[in-house]
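Listing of input_16.cif; format and content: mmCIF, C-alpha atoms.
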data_upload
loop_
_atom_site.label_atom_id
_atom_site.label_comp_id
_atom_site.auth_asym_id
_atom_site.auth_seq_id
_atom_site.Cartn_x
_atom_site.Cartn_y
_atom_site.Cartn_z
CA MET A 1 14.75 108.21 51.82
CA ILE A 2 13.37 110.54 49.13
CA LYS A 3 10.75 107.96 48.12
CA ARG A 4 9.64 107.63 51.76
CA ASN A 5 9.29 111.43 52.15
CA LYS A 6 7.33 111.52 48.90
CA ASN A 7 4.93 108.85 50.23
CA ILE A 8 4.46 110.75 53.47
CA LEU A 9 3.74 113.93 51.53
CA ILE A 10 1.14 112.13 49.40
CA ILE A 11 -0.53 110.70 52.52
CA LEU A 12 -0.64 114.16 54.13
CA ILE A 13 -2.19 115.69 51.02
CA VAL A 14 -4.85 112.96 50.88
CA LEU A 15 -5.66 113.48 54.58
CA LEU A 16 -5.98 117.23 54.09
CA LEU A 17 -8.35 116.70 51.17
CA ILE A 18 -10.46 114.28 53.22
CA LEU A 19 -10.60 116.67 56.18
CA SER A 20 -11.49 119.67 54.04
CA GLY A 21 -14.29 117.64 52.41
CA ALA A 22 -15.63 116.67 55.83
CA CYS A 23 -15.70 120.34 56.88
CA ASP A 24 -17.58 121.29 53.71
CA GLN A 25 -20.11 118.51 54.36
CA ALA A 26 -20.69 119.68 57.94
CA GLU A 27 -21.51 123.18 56.69
CA GLU A 28 -23.86 121.85 53.99
CA GLU A 29 -25.91 119.59 56.27
CA GLN A 30 -28.43 122.32 57.09
CA PRO A 31 -31.38 121.91 54.74
CA PRO A 32 -32.20 124.79 52.41
CA PRO A 33 -35.03 127.16 53.35
CA GLU A 34 -38.47 125.77 52.54
CA SER A 35 -41.04 127.56 50.43
CA ASP A 36 -44.44 126.91 48.94
CA ALA A 37 -46.91 128.96 46.94
CA ALA A 38 -50.32 128.30 45.45
CA GLU A 39 -50.35 127.99 41.68
CA GLY A 40 -49.94 131.36 40.01
CA THR A 41 -48.62 133.09 43.15
CA LYS A 42 -45.06 134.01 44.13
CA LEU A 43 -43.38 135.04 47.40
CA GLU A 44 -39.78 136.22 47.33
CA THR A 45 -37.28 137.81 49.73
CA GLY A 46 -34.17 139.89 49.15
CA ASN A 47 -32.27 143.07 49.95
CA GLU A 48 -33.50 145.13 47.02
CA ILE A 49 -36.87 145.65 45.36
CA ASP A 50 -37.65 147.09 41.92
CA GLU A 51 -39.72 150.23 42.60
CA GLU A 52 -41.78 149.82 39.41
CA SER A 53 -42.51 146.09 39.26
CA TYR A 54 -42.14 145.39 43.01
CA GLU A 55 -40.15 142.27 42.16
CA ILE A 56 -37.18 141.35 44.31
CA VAL A 57 -33.83 142.07 42.67
CA GLY A 58 -31.43 139.26 43.56
CA VAL A 59 -33.60 136.82 45.52
CA GLU A 60 -32.00 135.76 48.81
CA THR A 61 -33.08 133.69 51.81
CA GLU A 62 -30.18 134.24 54.24
CA PHE A 63 -29.77 137.45 56.22
CA ARG A 64 -28.00 138.83 59.29
CA PRO A 65 -29.75 139.59 62.60
CA ASN A 66 -31.57 142.96 62.51
CA GLU A 67 -30.85 143.36 58.78
CA ASP A 68 -33.74 144.96 56.91
CA PHE A 69 -34.87 143.07 53.81
CA TYR A 70 -37.95 142.95 51.59
CA PHE A 71 -40.63 140.40 50.89
CA SER A 72 -42.79 140.64 47.80
CA TYR A 73 -45.95 138.57 47.24
CA PHE A 74 -47.70 138.35 43.88
CA ASN A 75 -51.27 137.00 43.94
CA ASP A 76 -52.87 135.07 41.08
CA GLU A 77 -55.78 137.54 40.85
CA PRO A 78 -56.57 141.09 42.02
CA PHE A 79 -57.18 141.39 45.76
CA ASP A 80 -60.47 143.31 45.27
CA GLU A 81 -61.85 143.70 48.81
CA LYS A 82 -59.90 140.74 50.25
CA LYS A 83 -57.77 141.11 53.34
CA VAL A 84 -54.13 140.07 53.11
CA ARG A 85 -52.38 139.02 56.31
CA VAL A 86 -48.62 138.53 56.53
CA LYS A 87 -47.27 136.61 59.52
CA LEU A 88 -43.69 136.29 60.69
CA VAL A 89 -43.35 132.86 62.31
CA ASP A 90 -40.54 131.16 64.25
CA THR A 91 -40.07 127.87 62.35
CA SER A 92 -38.80 125.92 65.37
CA THR A 93 -41.72 126.78 67.68
CA GLY A 94 -44.49 127.74 65.27
CA ASP A 95 -45.04 130.93 67.27
CA THR A 96 -46.27 133.98 65.38
CA LEU A 97 -43.82 136.77 66.20
CA ALA A 98 -45.63 139.53 64.30
CA GLU A 99 -48.42 139.97 61.81
CA GLU A 100 -49.69 142.76 59.63
CA GLU A 101 -52.98 143.04 57.79
CA TYR A 102 -53.15 144.81 54.44
CA GLY A 103 -56.52 145.65 52.97
CA ASP A 104 -57.77 149.22 53.14
CA GLU A 105 -54.54 150.59 51.66
CA LEU A 106 -54.58 148.12 48.73
CA GLU A 107 -56.06 149.18 45.42
CA PRO A 108 -58.82 146.69 44.42
CA GLU A 109 -57.00 145.85 41.17
CA SER A 110 -53.68 145.30 42.96
CA LYS A 111 -52.10 141.84 42.89
CA VAL A 112 -48.96 142.57 44.94
CA VAL A 113 -48.10 143.15 48.60
CA TYR A 114 -44.56 144.05 49.64
CA ASP A 115 -42.88 145.45 52.70
CA ARG A 116 -39.59 145.71 54.54
CA ILE A 117 -39.05 143.34 57.48
CA TRP A 118 -36.31 142.04 59.80
CA PHE A 119 -35.71 139.37 62.45
CA GLY A 120 -33.65 140.00 65.58
CA GLY A 121 -32.07 136.70 66.49
CA PRO A 122 -30.41 133.91 64.57
CA GLY A 123 -32.63 131.02 63.46
CA ARG A 124 -35.11 129.92 60.83
CA TYR A 125 -38.28 131.93 60.28
CA LYS A 126 -41.21 131.85 57.86
CA ILE A 127 -43.03 134.65 56.13
CA VAL A 128 -46.60 133.40 55.67
CA VAL A 129 -49.12 135.13 53.40
CA GLU A 130 -52.86 134.56 53.86
CA VAL A 131 -55.57 135.97 51.58
CA ASP A 132 -59.00 136.07 53.24
CA GLY A 133 -57.79 133.55 55.84
CA GLU A 134 -56.42 131.03 53.31
CA GLU A 135 -52.66 130.42 53.35
CA LYS A 136 -51.40 131.17 49.84
CA ALA A 137 -47.63 131.12 50.26
CA PHE A 138 -44.74 130.90 52.68
CA GLN A 139 -41.02 131.47 52.41
CA GLU A 140 -38.55 130.36 55.06
CA VAL A 141 -35.51 132.53 55.70
CA ILE A 142 -32.36 131.89 57.70
CA ILE A 143 -30.99 134.52 60.04
CA GLU A 144 -27.34 133.67 60.42
CA GLU A 145 -25.22 133.86 63.55
CA GLU A 146 -23.21 137.07 63.89
CA GLN A 147 -19.68 136.55 62.54
CA GLU A 148 -17.06 137.98 64.86
#
Whole structure, structure tokens version:
Amino acid sequence: MIKRNKNILIILIVLLLILSGACDQAEEEQPPPESDAAEGTKLETGNEIDEESYEIVGVETEFRPNEDFYFSYFNDEPFDEKKVRVKLVDTSTGDTLAEEEYGDELEPESKVVYDRIWFGGPGRYKIVVEVDGEEKAFQEVIIEEEQE
């Protein structure tokens, strides 16, 4: 009788381990956010930015709806008179949701553009940086569902 109960307990433990592993796999099936940057450039996102270097402190790619966060783009050379355009794009549709052009306010010797942004609804979005019409970098971010 005791041996039978012990076998049942072992079977239950094994089943629980299998089920918990299946749940972990289901959560991990979503691919990580994509990113790409031309050689010598860098685009990062996160909740905090260093006010002196303009680098992101604690790089992150997952945020909550309507949560403000920063992007920071470092170019491989000074912008000079070049125009920098930043687009916020819905990954699933390819639609541009917003765009901002930086140029007149940039110092000619500057190599960095940064700003605070947010996305309203859950989903996957891209921050795309173009310099004089050429795409230099993009970073995908995930806006998570609201947890209740």
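Using all atoms listed in the file, the shortest contact distance between A:Phe63 and any of A:Gly46, A:Asp90, A:Ser110, A:Asp132 is found at A:Gly46.
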When the PyMOL selection byres ((chain A and resi 101) around 6) is applied to the structure above, which residues does it catch, written out as a CSV table (one decimal) with C-alpha atoms, in the coordinates of the input?
chain,number,residue,atom,x,y,z
A,84,VAL,CA,-54.1,140.1,53.1
A,85,ARG,CA,-52.4,139.0,56.3
A,100,GLU,CA,-49.7,142.8,59.6
A,102,TYR,CA,-53.2,144.8,54.4
Identify all residues satisfying the PyMOL selection byres ((chain A and resi 38-45) around 8) in the given file; provide them as a VMD selection string.
chain A and resid 36 to 37 46 to 47 55 to 56 59 to 61 69 to 76 136 to 139
Expected file contents, prior selection, C-alpha atoms, as a compact mmCIF listing (two decimals), in the coordinates of the input:
# COMPACT_ATOMS: atom_id res chain seq x y z
CA ASP A 36 -44.44 126.91 48.94
CA ALA A 37 -46.91 128.96 46.94
CA GLY A 46 -34.17 139.89 49.15
CA ASN A 47 -32.27 143.07 49.95
CA GLU A 55 -40.15 142.27 42.16
CA ILE A 56 -37.18 141.35 44.31
CA VAL A 59 -33.60 136.82 45.52
CA GLU A 60 -32.00 135.76 48.81
CA THR A 61 -33.08 133.69 51.81
CA PHE A 69 -34.87 143.07 53.81
CA TYR A 70 -37.95 142.95 51.59
CA PHE A 71 -40.63 140.40 50.89
CA SER A 72 -42.79 140.64 47.80
CA TYR A 73 -45.95 138.57 47.24
CA PHE A 74 -47.70 138.35 43.88
CA ASN A 75 -51.27 137.00 43.94
CA ASP A 76 -52.87 135.07 41.08
CA LYS A 136 -51.40 131.17 49.84
CA ALA A 137 -47.63 131.12 50.26
CA PHE A 138 -44.74 130.90 52.68
CA GLN A 139 -41.02 131.47 52.41
Skip A:Leu88 itself and residues of its chain fewer than 3 positions away, then list as JSON, numbers by chain all residues within 10 Å of it, counting all atoms listed in the file.
{"A": [91, 94, 95, 96, 97, 98, 99, 100, 117, 118, 119, 125, 126, 127, 128, 129, 138, 139, 140]}
Can you tell me which residues surround A:Lys82 at a distance of at most 12 Å, considering only C-alpha atoms, apart from same-chain residues fewer than 5 positions away, and format the answer as a list in words?
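Non-adjacent residues within range: Asn75, Glu77, Glu101, Tyr102, Gly103, Asp104, Glu105, Leu106, Glu107, Pro108, Glu109, Ser110, Lys111, Glu130, Val131, Asp132, Gly133 and Glu134 of chain A.
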Write the residues of the selection above to a file with C-alpha atoms, as a PDB file, in the frame of the given file.
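Saved file result_10.pdb follows:
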ATOM      1  CA  ASN A  75     -51.270 137.000  43.940  1.00  0.00           C
ATOM      2  CA  GLU A  77     -55.780 137.540  40.850  1.00  0.00           C
ATOM      3  CA  GLU A 101     -52.980 143.040  57.790  1.00  0.00           C
ATOM      4  CA  TYR A 102     -53.150 144.810  54.440  1.00  0.00           C
ATOM      5  CA  GLY A 103     -56.520 145.650  52.970  1.00  0.00           C
ATOM      6  CA  ASP A 104     -57.770 149.220  53.140  1.00  0.00           C
ATOM      7  CA  GLU A 105     -54.540 150.590  51.660  1.00  0.00           C
ATOM      8  CA  LEU A 106     -54.580 148.120  48.730  1.00  0.00           C
ATOM      9  CA  GLU A 107     -56.060 149.180  45.420  1.00  0.00           C
ATOM     10  CA  PRO A 108     -58.820 146.690  44.420  1.00  0.00           C
ATOM     11  CA  GLU A 109     -57.000 145.850  41.170  1.00  0.00           C
ATOM     12  CA  SER A 110     -53.680 145.300  42.960  1.00  0.00           C
ATOM     13  CA  LYS A 111     -52.100 141.840  42.890  1.00  0.00           C
ATOM     14  CA  GLU A 130     -52.860 134.560  53.860  1.00  0.00           C
ATOM     15  CA  VAL A 131     -55.570 135.970  51.580  1.00  0.00           C
ATOM     16  CA  ASP A 132     -59.000 136.070  53.240  1.00  0.00           C
ATOM     17  CA  GLY A 133     -57.790 133.550  55.840  1.00  0.00           C
ATOM     18  CA  GLU A 134     -56.420 131.030  53.310  1.00  0.00           C
TER      19      GLU A 134
END
